[in-house]
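For reference, protein-v6.cif (mmCIF, C-alpha atoms (C1' of nucleotides)):
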```cif
data_entry
#
loop_
_atom_site.label_atom_id
_atom_site.label_comp_id
_atom_site.auth_asym_id
_atom_site.auth_seq_id
_atom_site.Cartn_x
_atom_site.Cartn_y
_atom_site.Cartn_z
CA MET A 1376 89.19 -64.61 -39.80
CA SER A 1377 89.27 -64.14 -36.06
CA LYS A 1378 92.41 -65.59 -34.62
CA PRO A 1379 91.60 -68.88 -33.04
CA ASP A 1380 92.26 -68.79 -29.34
CA ILE A 1381 95.23 -70.85 -28.38
CA SER A 1382 95.10 -72.08 -24.82
CA ASN A 1383 98.14 -72.23 -22.58
CA ALA A 1384 98.56 -75.94 -22.87
CA GLU A 1385 98.10 -75.75 -26.61
CA PHE A 1386 100.70 -73.03 -26.79
CA ASP A 1387 103.32 -75.23 -25.21
CA VAL A 1388 102.71 -77.84 -27.85
CA LEU A 1389 102.72 -75.32 -30.64
CA ASP A 1390 105.92 -73.84 -29.34
CA VAL A 1391 107.61 -77.20 -29.80
CA LEU A 1392 106.51 -77.24 -33.41
CA TRP A 1393 107.89 -73.79 -33.93
CA GLU A 1394 111.28 -75.04 -32.88
CA ARG A 1395 111.29 -78.38 -34.60
CA ASN A 1396 109.08 -78.78 -37.56
CA PRO A 1397 107.78 -81.04 -38.91
CA ALA A 1398 107.49 -83.34 -35.97
CA SER A 1399 105.52 -86.45 -35.20
CA ALA A 1400 103.35 -86.69 -32.13
CA SER A 1401 105.97 -88.74 -30.39
CA ASP A 1402 108.65 -86.22 -31.28
CA VAL A 1403 106.58 -83.62 -29.51
CA VAL A 1404 106.00 -85.93 -26.59
CA GLN A 1405 109.72 -86.53 -26.34
CA THR A 1406 110.59 -82.88 -26.49
CA LEU A 1407 108.04 -81.89 -23.91
CA SER A 1408 108.89 -84.73 -21.58
CA SER A 1409 111.91 -82.85 -20.28
CA HIS A 1410 109.97 -79.99 -18.76
CA LYS A 1411 106.34 -81.08 -18.55
CA GLU A 1412 104.77 -84.05 -16.85
CA TRP A 1413 102.11 -84.56 -19.40
CA HIS A 1414 100.69 -87.85 -20.39
CA GLU A 1415 101.19 -88.80 -23.99
CA LYS A 1416 97.43 -88.85 -24.48
CA THR A 1417 97.19 -85.30 -23.30
CA ILE A 1418 99.65 -84.13 -25.89
CA LYS A 1419 97.86 -86.03 -28.63
CA THR A 1420 94.66 -84.35 -27.61
CA LEU A 1421 96.29 -80.95 -27.77
CA LEU A 1422 97.70 -81.67 -31.21
CA GLY A 1423 94.25 -82.68 -32.35
CA ARG A 1424 92.73 -79.51 -31.00
CA LEU A 1425 95.35 -77.36 -32.68
CA VAL A 1426 94.60 -79.11 -35.95
CA LYS A 1427 90.89 -78.57 -35.52
CA LYS A 1428 91.52 -74.91 -34.81
CA GLY A 1429 93.53 -74.62 -37.99
CA VAL A 1430 96.66 -73.59 -36.13
CA ILE A 1431 98.75 -76.51 -37.27
CA GLY A 1432 98.58 -78.91 -40.19
CA PHE A 1433 99.94 -82.36 -40.82
CA GLU A 1434 100.73 -84.80 -43.53
CA LYS A 1435 100.54 -88.49 -43.18
CA GLN A 1436 103.70 -90.40 -43.28
CA GLN A 1437 102.70 -94.04 -43.37
CA ARG A 1438 100.70 -94.37 -40.23
CA GLN A 1439 102.04 -91.40 -38.32
CA TYR A 1440 101.36 -87.77 -38.91
CA LEU A 1441 103.97 -85.12 -39.25
CA TYR A 1442 102.72 -81.87 -37.82
CA TYR A 1443 103.80 -78.36 -38.62
CA PRO A 1444 102.63 -74.87 -37.65
CA LEU A 1445 100.38 -72.92 -39.98
CA ILE A 1446 101.09 -69.60 -38.36
CA ALA A 1447 104.44 -67.97 -37.75
CA ARG A 1448 105.60 -67.40 -34.23
CA GLU A 1449 106.37 -63.78 -35.04
CA ASP A 1450 102.85 -63.20 -36.25
CA TYR A 1451 101.43 -64.81 -33.18
CA THR A 1452 103.63 -62.86 -30.79
CA ALA A 1453 102.91 -59.65 -32.65
CA GLN A 1454 99.19 -60.14 -32.23
CA GLU A 1455 99.41 -61.20 -28.66
CA THR A 1456 101.70 -58.35 -27.81
CA GLU A 1457 99.38 -55.86 -29.37
CA SER A 1458 96.39 -57.10 -27.46
CA PHE A 1459 98.35 -57.43 -24.25
CA VAL A 1460 99.76 -53.92 -24.44
CA GLY A 1461 96.38 -52.65 -25.50
CA LYS A 1462 94.64 -54.26 -22.59
CA LEU A 1463 97.03 -53.38 -19.79
CA PHE A 1464 98.90 -50.29 -20.97
CA LYS A 1465 96.53 -48.44 -23.26
CA GLY A 1466 98.64 -49.55 -26.18
CA LYS A 1467 101.84 -47.86 -25.04
CA ILE A 1468 105.01 -49.87 -24.58
CA THR A 1469 106.83 -47.31 -22.52
CA PRO A 1470 104.86 -47.93 -19.33
CA LEU A 1471 105.28 -51.63 -19.88
CA VAL A 1472 109.02 -51.27 -20.09
CA ALA A 1473 109.01 -48.89 -17.15
CA GLY A 1474 107.08 -51.30 -14.97
CA PHE A 1475 109.21 -54.18 -16.07
CA ALA A 1476 112.34 -52.22 -15.30
CA THR A 1477 111.36 -51.33 -11.77
CA GLN A 1478 110.48 -54.85 -10.91
CA LYS A 1479 112.77 -57.14 -12.85
CA THR A 1480 115.88 -55.02 -13.04
CA LEU A 1481 117.30 -54.77 -16.49
CA SER A 1482 120.80 -55.93 -17.15
CA LYS A 1483 123.37 -53.65 -18.68
CA ASP A 1484 123.07 -55.72 -21.82
CA ASP A 1485 119.34 -55.30 -21.94
CA VAL A 1486 119.75 -51.59 -21.70
CA ASN A 1487 122.37 -51.55 -24.40
CA GLU A 1488 120.13 -53.53 -26.67
CA LEU A 1489 117.32 -51.14 -26.08
CA LYS A 1490 119.58 -48.24 -26.83
CA ALA A 1491 120.70 -49.86 -30.03
CA LEU A 1492 117.10 -50.44 -30.98
CA ILE A 1493 116.25 -46.84 -30.40
CA ALA A 1494 119.30 -45.62 -32.22
CA GLN A 1495 118.26 -47.77 -35.14
CA TRP A 1496 114.79 -46.36 -35.03
CA GLU A 1497 116.09 -42.82 -35.04
CA GLU A 1498 118.29 -43.56 -37.96
CA ASP A 1499 115.39 -45.00 -39.92
CA ASN A 1500 112.95 -42.21 -39.23
CA ASP A 1501 114.48 -38.85 -38.85
CA MET B 698 98.70 -68.09 -2.35
CA SER B 699 98.42 -68.74 -6.04
CA LYS B 700 97.16 -65.68 -7.82
CA PRO B 701 93.58 -66.31 -8.76
CA ASP B 702 93.07 -66.32 -12.48
CA ILE B 703 91.11 -63.32 -13.65
CA SER B 704 89.18 -63.96 -16.83
CA ASN B 705 88.87 -61.41 -19.58
CA ALA B 706 85.33 -60.45 -18.72
CA GLU B 707 86.23 -60.23 -15.07
CA PHE B 708 89.16 -58.02 -15.92
CA ASP B 709 86.94 -55.48 -17.60
CA VAL B 710 84.86 -55.24 -14.47
CA LEU B 711 87.88 -55.04 -12.23
CA ASP B 712 89.35 -52.35 -14.41
CA VAL B 713 86.34 -50.18 -13.72
CA LEU B 714 86.91 -50.59 -10.01
CA TRP B 715 90.53 -49.60 -10.41
CA GLU B 716 89.39 -46.33 -11.89
CA ARG B 717 86.49 -45.56 -9.66
CA ASN B 718 86.48 -47.08 -6.28
CA PRO B 719 84.44 -47.82 -4.31
CA ALA B 720 81.56 -48.35 -6.68
CA SER B 721 78.21 -50.00 -6.46
CA ALA B 722 77.14 -52.64 -8.92
CA SER B 723 75.05 -50.15 -10.79
CA ASP B 724 77.93 -47.70 -10.94
CA VAL B 725 79.91 -50.40 -12.66
CA VAL B 726 77.02 -51.21 -14.93
CA GLN B 727 76.73 -47.57 -15.86
CA THR B 728 80.41 -47.15 -16.54
CA LEU B 729 80.61 -50.25 -18.65
CA SER B 730 77.46 -49.48 -20.57
CA SER B 731 79.32 -47.06 -22.79
CA HIS B 732 81.61 -49.60 -24.36
CA LYS B 733 80.15 -53.00 -23.59
CA GLU B 734 76.76 -54.45 -24.36
CA TRP B 735 76.55 -56.52 -21.25
CA HIS B 736 73.39 -57.30 -19.43
CA GLU B 737 73.24 -56.01 -15.90
CA LYS B 738 72.97 -59.56 -14.62
CA THR B 739 76.15 -60.49 -16.36
CA ILE B 740 78.05 -57.77 -14.58
CA LYS B 741 76.58 -58.75 -11.24
CA THR B 742 77.72 -62.30 -11.86
CA LEU B 743 81.21 -61.11 -12.66
CA LEU B 744 81.34 -58.99 -9.52
CA GLY B 745 80.27 -62.01 -7.52
CA ARG B 746 82.95 -64.15 -9.08
CA LEU B 747 85.61 -61.58 -8.37
CA VAL B 748 84.50 -61.46 -4.76
CA LYS B 749 84.60 -65.23 -4.50
CA LYS B 750 88.08 -65.22 -5.95
CA GLY B 751 89.19 -62.72 -3.39
CA VAL B 752 90.10 -60.15 -5.99
CA ILE B 753 87.68 -57.52 -4.81
CA GLY B 754 85.90 -56.83 -1.55
CA PHE B 755 82.79 -54.92 -0.64
CA GLU B 756 81.02 -53.34 2.25
CA LYS B 757 77.31 -53.10 2.60
CA GLN B 758 75.73 -49.75 2.37
CA GLN B 759 72.08 -50.22 3.27
CA ARG B 760 70.93 -52.66 0.69
CA GLN B 761 73.63 -52.13 -1.89
CA TYR B 762 77.23 -53.19 -1.81
CA LEU B 763 80.15 -50.93 -2.48
CA TYR B 764 82.92 -52.84 -4.17
CA TYR B 765 86.62 -52.10 -4.23
CA PRO B 766 89.72 -53.89 -5.54
CA LEU B 767 91.88 -55.90 -3.18
CA ILE B 768 94.86 -55.93 -5.47
CA ALA B 769 96.65 -52.99 -7.04
CA ARG B 770 96.61 -52.59 -10.76
CA GLU B 771 100.37 -52.16 -10.78
CA ASP B 772 100.86 -55.45 -9.01
CA TYR B 773 98.56 -57.18 -11.39
CA THR B 774 100.18 -55.73 -14.47
CA ALA B 775 103.63 -56.48 -13.09
CA GLN B 776 102.74 -60.12 -12.67
CA GLU B 777 101.00 -60.43 -15.97
CA THR B 778 103.83 -58.71 -17.74
CA GLU B 779 106.37 -60.99 -16.22
CA SER B 780 104.52 -64.11 -17.26
CA PHE B 781 103.75 -62.71 -20.68
CA VAL B 782 107.33 -61.74 -21.40
CA GLY B 783 108.49 -65.01 -19.95
CA LYS B 784 106.18 -67.02 -22.13
CA LEU B 785 106.71 -65.29 -25.44
CA PHE B 786 110.11 -63.65 -25.22
CA LYS B 787 112.14 -65.81 -22.89
CA GLY B 788 111.85 -63.09 -20.28
CA LYS B 789 113.57 -60.39 -22.32
CA ILE B 790 111.79 -57.11 -23.03
CA THR B 791 114.03 -56.02 -25.84
CA PRO B 792 112.63 -58.44 -28.41
CA LEU B 793 109.16 -57.46 -27.30
CA VAL B 794 109.89 -53.82 -27.90
CA ALA B 795 111.61 -54.66 -31.16
CA GLY B 796 108.64 -56.64 -32.44
CA PHE B 797 106.26 -53.98 -31.30
CA ALA B 798 108.30 -51.32 -33.01
CA THR B 799 108.36 -53.05 -36.37
CA GLN B 800 104.67 -53.56 -36.41
CA LYS B 801 103.07 -50.71 -34.58
CA THR B 802 105.46 -47.92 -35.39
CA LEU B 803 106.52 -45.95 -32.39
CA SER B 804 105.82 -42.29 -32.27
CA LYS B 805 108.57 -39.79 -31.71
CA ASP B 806 107.15 -39.26 -28.26
CA ASP B 807 107.26 -42.93 -27.46
CA VAL B 808 110.86 -43.05 -28.43
CA ASN B 809 111.68 -40.01 -26.35
CA GLU B 810 110.00 -41.53 -23.37
CA LEU B 811 111.97 -44.69 -23.81
CA LYS B 812 115.15 -42.72 -24.05
CA ALA B 813 114.32 -40.83 -20.90
CA LEU B 814 113.59 -44.11 -19.18
CA ILE B 815 116.94 -45.49 -20.19
CA ALA B 816 118.76 -42.35 -19.24
CA GLN B 817 117.15 -42.56 -15.85
CA TRP B 818 118.17 -46.15 -15.51
CA GLU B 819 121.75 -45.34 -16.40
CA GLU B 820 121.83 -42.57 -13.89
CA ASP B 821 120.57 -44.87 -11.16
CA ASN B 822 122.92 -47.73 -11.85
CA ASP B 823 126.24 -46.73 -13.20
"C1'" DA C 285 48.46 -51.31 2.11
"C1'" DA C 286 49.16 -53.53 -2.45
"C1'" DT C 287 52.23 -53.67 -6.08
"C1'" DA C 288 56.06 -52.93 -8.67
"C1'" DA C 289 60.91 -52.30 -8.96
"C1'" DA C 290 65.59 -53.33 -7.52
"C1'" DA C 291 69.42 -55.71 -5.06
"C1'" DG C 292 71.96 -59.60 -4.29
"C1'" DA C 293 71.82 -64.99 -4.20
"C1'" DC C 294 71.29 -68.97 -6.61
"C1'" DT C 295 70.65 -71.57 -10.83
"C1'" DA C 296 71.44 -72.47 -15.83
"C1'" DC C 297 73.66 -73.92 -19.68
"C1'" DA C 298 76.68 -74.37 -23.57
"C1'" DG C 299 81.58 -73.85 -24.96
"C1'" DT C 300 86.54 -74.12 -23.62
"C1'" DT C 301 90.32 -76.15 -21.18
"C1'" DG C 302 93.16 -79.47 -18.67
"C1'" DT C 303 93.91 -84.00 -18.39
"C1'" DA C 304 93.28 -88.28 -19.75
"C1'" DA C 305 90.99 -93.21 -20.93
"C1'" DT C 306 88.88 -96.15 -24.39
"C1'" DC C 307 88.18 -97.88 -29.12
"C1'" DG C 308 89.28 -99.64 -33.60
"C1'" DA C 309 92.79 -100.36 -37.06
"C1'" DA C 310 97.18 -101.27 -38.40
"C1'" DA C 311 101.82 -102.67 -37.71
"C1'" DA C 312 105.38 -105.17 -35.35
"C1'" DG C 313 106.87 -109.28 -32.84
"C1'" DG C 314 107.09 -113.94 -31.93
"C1'" DC D 1440 99.03 -116.33 -38.01
"C1'" DC D 1441 98.04 -114.71 -33.43
"C1'" DT D 1442 99.22 -111.33 -29.92
"C1'" DT D 1443 100.87 -107.10 -28.38
"C1'" DT D 1444 101.96 -102.48 -29.26
"C1'" DT D 1445 101.10 -98.14 -31.33
"C1'" DC D 1446 98.56 -94.69 -34.03
"C1'" DG D 1447 95.06 -91.56 -34.43
"C1'" DA D 1448 89.87 -90.94 -33.38
"C1'" DT D 1449 86.40 -90.65 -30.19
"C1'" DT D 1450 84.66 -90.12 -25.63
"C1'" DA D 1451 84.96 -88.44 -20.70
"C1'" DC D 1452 84.50 -85.27 -17.28
"C1'" DA D 1453 85.08 -81.60 -13.98
"C1'" DA D 1454 86.40 -76.61 -13.60
"C1'" DC D 1455 86.24 -72.26 -15.61
"C1'" DT D 1456 83.89 -68.75 -18.76
"C1'" DG D 1457 80.53 -65.99 -21.03
"C1'" DT D 1458 76.13 -64.74 -20.65
"C1'" DA D 1459 72.18 -64.49 -18.57
"C1'" DG D 1460 67.44 -65.99 -16.04
"C1'" DT D 1461 64.86 -66.96 -11.63
"C1'" DC D 1462 64.05 -66.47 -6.63
"C1'" DT D 1463 63.77 -63.90 -2.34
"C1'" DT D 1464 63.83 -60.03 0.11
"C1'" DT D 1465 63.63 -55.07 0.44
"C1'" DT D 1466 62.46 -50.68 -0.67
"C1'" DA D 1467 59.98 -47.40 -3.47
"C1'" DT D 1468 55.42 -46.14 -5.68
"C1'" DT D 1469 50.74 -45.50 -6.25
#
```

For the structure just supplied, provide its representation as structure tokens.
Amino acid sequence: MSKPDISNAEFDVLDVLWERNPASASDVVQTLSSHKEWHEKTIKTLLGRLVKKGVIGFEKQQRQYLYYPLIAREDYTAQETESFVGKLFKGKITPLVAGFATQKTLSKDDVNELKALIAQWEEDND
Amino acid sequence: MSKPDISNAEFDVLDVLWERNPASASDVVQTLSSHKEWHEKTIKTLLGRLVKKGVIGFEKQQRQYLYYPLIAREDYTAQETESFVGKLFKGKITPLVAGFATQKTLSKDDVNELKALIAQWEEDND
DNA sequence: AATAAAAGACTACAGTTGTAATCGAAAAGG
DNA sequence: CCTTTTCGATTACAACTGTAGTCTTTTATT
């Protein structure tokens, strides 16, 4: 049951499928062509690897395959976030946010969103 | 000038040096022995790789080397955080915190710390 | 002094990753 | 029908990783 490791390149492909699903290999190639200079073959390889890892599935449509994700983006991000925060911040988000704040400068909107989030939390558990 | 990639195993070694520095190879072996079942040779290899990557340095003390980090943990975490948040949350921390909150449940203390952080921010930039 | 233990250097080796090229079958074009 | 294009499948191949083992040189030990 261990989460299959998804490499960086694989992630970019998977991310396309999370946005637009199902999609054929050439759909993915098209979508990625705007911001990546990857050869078509490279993308096909990555799709194949994701299939082998059980991260995405496909169904044949005539000769082409239509691919789709087998895991939800939220689940993936939740897991990754947990391990990331665990690894670098002893599992606490506050220092992450603090560090982020000092370096990236939060916008007023960001801060308001955070406040709203906290207010919501306090309303839920009091 | 590209930040050298630090692998997971390498990170664990580096993390020891961030806590206790300078340290000899056997110091690191000792420290890691409590929570990792790594062979001494493995750790030596990792130290060597970190040196080659320019992530840590050392100075000879008689026959042994004393290793020390060449990059600050804060700098490393800042960079990693930025790329992590950029990759998974379009660069916004709020959704990260939100996702974290729904899954990991924040403690009252966590929330208070966040509030303090925000209050501080608002005081600084108003 | 002879030998064993210990340190770092070098070597090993399979699995993963990035980045494709080639191969065989099928479909589309002429 | 024969040729070219297009799919997916298979193969390639070097760099990076995890995980040590061997070699050489020192320094303890007996």

Pull out every residue that the PyMOL selection byres ((chain C) within 12 of (chain B)) matches in the shown coordinates and put them as number ranges by chain. C: 290-295

Running the PyMOL selection byres ((chain B and resi 773-776) around 9) on this model by hand, what would come out? Give it as a list in words. Leu1463, Phe1464, Leu1471, Gly1474, Phe1475 and Gln1478 of chain A; Ile768, Ala769, Arg770, Glu771, Asp772, Glu777, Thr778, Glu779, Ser780 and Phe781 of chain B

Next, dump the selected residues to file, keeping only C-alpha atoms, as a compact mmCIF listing (two decimals), keeping the file's coordinate frame.
```txt
# COMPACT_ATOMS: atom_id res chain seq x y z
CA LEU A 1463 97.03 -53.38 -19.79
CA PHE A 1464 98.90 -50.29 -20.97
CA LEU A 1471 105.28 -51.63 -19.88
CA GLY A 1474 107.08 -51.30 -14.97
CA PHE A 1475 109.21 -54.18 -16.07
CA GLN A 1478 110.48 -54.85 -10.91
CA ILE B 768 94.86 -55.93 -5.47
CA ALA B 769 96.65 -52.99 -7.04
CA ARG B 770 96.61 -52.59 -10.76
CA GLU B 771 100.37 -52.16 -10.78
CA ASP B 772 100.86 -55.45 -9.01
CA GLU B 777 101.00 -60.43 -15.97
CA THR B 778 103.83 -58.71 -17.74
CA GLU B 779 106.37 -60.99 -16.22
CA SER B 780 104.52 -64.11 -17.26
CA PHE B 781 103.75 -62.71 -20.68
```

Distance CA of Ile1431 in chain A-CA of Val1404 in chain A, one decimal place? 16.0 Å

Carefully work through the PyMOL selection byres ((chain B and resi 811) around 12) for this structure and note down the residues it includes, as number ranges by chain. A: 1467-1473, 1476, 1486, 1489-1494, 1496; B: 791, 794, 798, 803-810, 812-818

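The shortest atom-to-atom distance to chain D, with only C-alpha atoms (C1' of nucleotides) taken into account, belongs to A:Leu1422 out of A:Leu1422, A:Val1460, A:Ala1398, A:Val1430.
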
At most 10 Å to chain A: residues in chain D, only C-alpha atoms (C1' of nucleotides), as a compact mmCIF listing (two decimals) with C-alpha atoms (C1' of nucleotides), keeping the file's coordinate frame:
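Full text of out-v5.txt as output:
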```txt
# COMPACT_ATOMS: atom_id res chain seq x y z
C1' DT D 1445 101.10 -98.14 -31.33
C1' DC D 1446 98.56 -94.69 -34.03
C1' DG D 1447 95.06 -91.56 -34.43
C1' DA D 1448 89.87 -90.94 -33.38
```

Go ahead and compute the interatomic distance for CA of Leu763 in chain B and CA of Trp735 in chain B, in Å to one decimal.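 According to the coordinates, CA of Leu763 in chain B and CA of Trp735 in chain B are separated by 19.9 Å.
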
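When only C-alpha atoms are used to compute distances to chain A, the closest of the residues B:Leu747, B:Leu729, B:Leu711, B:Leu767 turns out to be B:Leu711.
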
For each of B:Val748, B:Ile740, B:Glu734, B:Asp709, take the minimum atom-to-atom distance to chain A, counting all atoms listed in the file, then give the residue where this is smallest. B:Asp709

Just how far from CA of His732 in chain B is CA of Gly1466 in chain A, in Å to one decimal? 17.1 Å

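Summary of the local environment: counting only C-alpha atoms (C1' of nucleotides), residues at most 12 Å from DA1454 in chain D, other than itself and those fewer than 5 positions away along its chain, are DT300, DT301, DG302 and DT303 of chain C.
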
Using all atoms listed in the file, can you tell me which of A:Lys1435, A:Lys1427, A:Lys1479, A:Lys1378 comes closest to chain B?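 Of all the options, A:Lys1479 lies closest to chain B.
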
Pick out the residues sitting within 8 Å of DA1459 in chain D, and hand them over as a ChimeraX atom specification; count all atoms listed in the file, and ignore anything fewer than 4 positions along from it in its own chain. /B:736,738-739

For the selection you just gave me, I'd like the residues written to a file as a short mmCIF file (atom, residue, chain, number, x, y, z; two decimals), in the coordinates of the input, keeping C-alpha atoms.
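Result written to out-v5.cif:
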```cif
data_model
loop_
_atom_site.label_atom_id
_atom_site.label_comp_id
_atom_site.auth_asym_id
_atom_site.auth_seq_id
_atom_site.Cartn_x
_atom_site.Cartn_y
_atom_site.Cartn_z
CA HIS B 736 73.39 -57.30 -19.43
CA LYS B 738 72.97 -59.56 -14.62
CA THR B 739 76.15 -60.49 -16.36
#
```

Which residues come within 12 Å of DA312 in chain C, counting all atoms listed in the file, excluding same-chain residues fewer than 5 positions away, as an MDAnalysis selection string? chainID D and resid 1442:1445

Give the answer as one residue: which of A:Phe1433, A:Ser1408, A:Ile1381, A:Asp1390 has the shortest atom-to-atom distance to chain B, using all atoms listed in the file? A:Asp1390

Taking the block above, write range 741-765 of chain B with N, CA and C atoms as a PDB file, in the first residue's frame.
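As a result, selection_9.pdb now contains:
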```pdb
ATOM      1  N   LYS B 741      29.171   7.020   5.681  1.00  0.00           N
ATOM      2  CA  LYS B 741      30.407   7.597   5.152  1.00  0.00           C
ATOM      3  C   LYS B 741      30.215   7.997   3.689  1.00  0.00           C
ATOM      4  N   THR B 742      29.584   7.117   2.951  1.00  0.00           N
ATOM      5  CA  THR B 742      29.329   7.416   1.535  1.00  0.00           C
ATOM      6  C   THR B 742      28.514   8.688   1.406  1.00  0.00           C
ATOM      7  N   LEU B 743      27.486   8.800   2.222  1.00  0.00           N
ATOM      8  CA  LEU B 743      26.617   9.971   2.140  1.00  0.00           C
ATOM      9  C   LEU B 743      27.379  11.239   2.501  1.00  0.00           C
ATOM     10  N   LEU B 744      28.228  11.137   3.508  1.00  0.00           N
ATOM     11  CA  LEU B 744      29.038  12.308   3.874  1.00  0.00           C
ATOM     12  C   LEU B 744      29.916  12.700   2.688  1.00  0.00           C
ATOM     13  N   GLY B 745      30.513  11.707   2.079  1.00  0.00           N
ATOM     14  CA  GLY B 745      31.360  11.985   0.919  1.00  0.00           C
ATOM     15  C   GLY B 745      30.589  12.652  -0.205  1.00  0.00           C
ATOM     16  N   ARG B 746      29.398  12.180  -0.446  1.00  0.00           N
ATOM     17  CA  ARG B 746      28.593  12.775  -1.511  1.00  0.00           C
ATOM     18  C   ARG B 746      28.212  14.212  -1.184  1.00  0.00           C
ATOM     19  N   LEU B 747      27.905  14.452   0.060  1.00  0.00           N
ATOM     20  CA  LEU B 747      27.554  15.821   0.452  1.00  0.00           C
ATOM     21  C   LEU B 747      28.748  16.744   0.274  1.00  0.00           C
ATOM     22  N   VAL B 748      29.932  16.227   0.589  1.00  0.00           N
ATOM     23  CA  VAL B 748      31.132  17.038   0.403  1.00  0.00           C
ATOM     24  C   VAL B 748      31.317  17.333  -1.082  1.00  0.00           C
ATOM     25  N   LYS B 749      31.193  16.299  -1.890  1.00  0.00           N
ATOM     26  CA  LYS B 749      31.375  16.492  -3.324  1.00  0.00           C
ATOM     27  C   LYS B 749      30.374  17.488  -3.891  1.00  0.00           C
ATOM     28  N   LYS B 750      29.200  17.491  -3.337  1.00  0.00           N
ATOM     29  CA  LYS B 750      28.171  18.413  -3.803  1.00  0.00           C
ATOM     30  C   LYS B 750      28.352  19.819  -3.253  1.00  0.00           C
ATOM     31  N   GLY B 751      29.302  19.958  -2.368  1.00  0.00           N
ATOM     32  CA  GLY B 751      29.548  21.282  -1.816  1.00  0.00           C
ATOM     33  C   GLY B 751      28.539  21.702  -0.758  1.00  0.00           C
ATOM     34  N   VAL B 752      27.859  20.733  -0.196  1.00  0.00           N
ATOM     35  CA  VAL B 752      26.836  21.037   0.796  1.00  0.00           C
ATOM     36  C   VAL B 752      27.437  21.093   2.201  1.00  0.00           C
ATOM     37  N   ILE B 753      28.458  20.313   2.403  1.00  0.00           N
ATOM     38  CA  ILE B 753      29.141  20.337   3.691  1.00  0.00           C
ATOM     39  C   ILE B 753      30.643  20.456   3.439  1.00  0.00           C
ATOM     40  N   GLY B 754      31.369  20.843   4.462  1.00  0.00           N
ATOM     41  CA  GLY B 754      32.809  20.944   4.362  1.00  0.00           C
ATOM     42  C   GLY B 754      33.413  20.158   5.514  1.00  0.00           C
ATOM     43  N   PHE B 755      34.700  20.105   5.583  1.00  0.00           N
ATOM     44  CA  PHE B 755      35.321  19.393   6.700  1.00  0.00           C
ATOM     45  C   PHE B 755      36.724  19.940   6.895  1.00  0.00           C
ATOM     46  N   GLU B 756      37.253  19.662   8.066  1.00  0.00           N
ATOM     47  CA  GLU B 756      38.658  19.972   8.274  1.00  0.00           C
ATOM     48  C   GLU B 756      39.243  18.769   8.969  1.00  0.00           C
ATOM     49  N   LYS B 757      40.453  18.469   8.590  1.00  0.00           N
ATOM     50  CA  LYS B 757      41.093  17.280   9.148  1.00  0.00           C
ATOM     51  C   LYS B 757      41.470  17.552  10.582  1.00  0.00           C
ATOM     52  N   GLN B 758      41.230  16.547  11.372  1.00  0.00           N
ATOM     53  CA  GLN B 758      41.743  16.592  12.737  1.00  0.00           C
ATOM     54  C   GLN B 758      42.485  15.274  12.842  1.00  0.00           C
ATOM     55  N   GLN B 759      43.776  15.318  12.949  1.00  0.00           N
ATOM     56  CA  GLN B 759      44.612  14.115  12.853  1.00  0.00           C
ATOM     57  C   GLN B 759      44.132  13.283  11.689  1.00  0.00           C
ATOM     58  N   ARG B 760      43.637  12.105  12.020  1.00  0.00           N
ATOM     59  CA  ARG B 760      43.249  11.224  10.927  1.00  0.00           C
ATOM     60  C   ARG B 760      41.779  11.387  10.549  1.00  0.00           C
ATOM     61  N   GLN B 761      41.001  11.859  11.492  1.00  0.00           N
ATOM     62  CA  GLN B 761      39.564  11.991  11.222  1.00  0.00           C
ATOM     63  C   GLN B 761      39.236  13.323  10.570  1.00  0.00           C
ATOM     64  N   TYR B 762      38.031  13.403  10.059  1.00  0.00           N
ATOM     65  CA  TYR B 762      37.561  14.673   9.517  1.00  0.00           C
ATOM     66  C   TYR B 762      36.463  15.182  10.435  1.00  0.00           C
ATOM     67  N   LEU B 763      36.378  16.485  10.532  1.00  0.00           N
ATOM     68  CA  LEU B 763      35.256  17.070  11.263  1.00  0.00           C
ATOM     69  C   LEU B 763      34.417  17.783  10.212  1.00  0.00           C
ATOM     70  N   TYR B 764      33.201  17.354  10.086  1.00  0.00           N
ATOM     71  CA  TYR B 764      32.321  17.900   9.063  1.00  0.00           C
ATOM     72  C   TYR B 764      31.428  19.005   9.614  1.00  0.00           C
ATOM     73  N   TYR B 765      31.033  19.890   8.740  1.00  0.00           N
ATOM     74  CA  TYR B 765      30.098  20.954   9.123  1.00  0.00           C
ATOM     75  C   TYR B 765      29.336  21.401   7.880  1.00  0.00           C
TER      76      TYR B 765
END
```
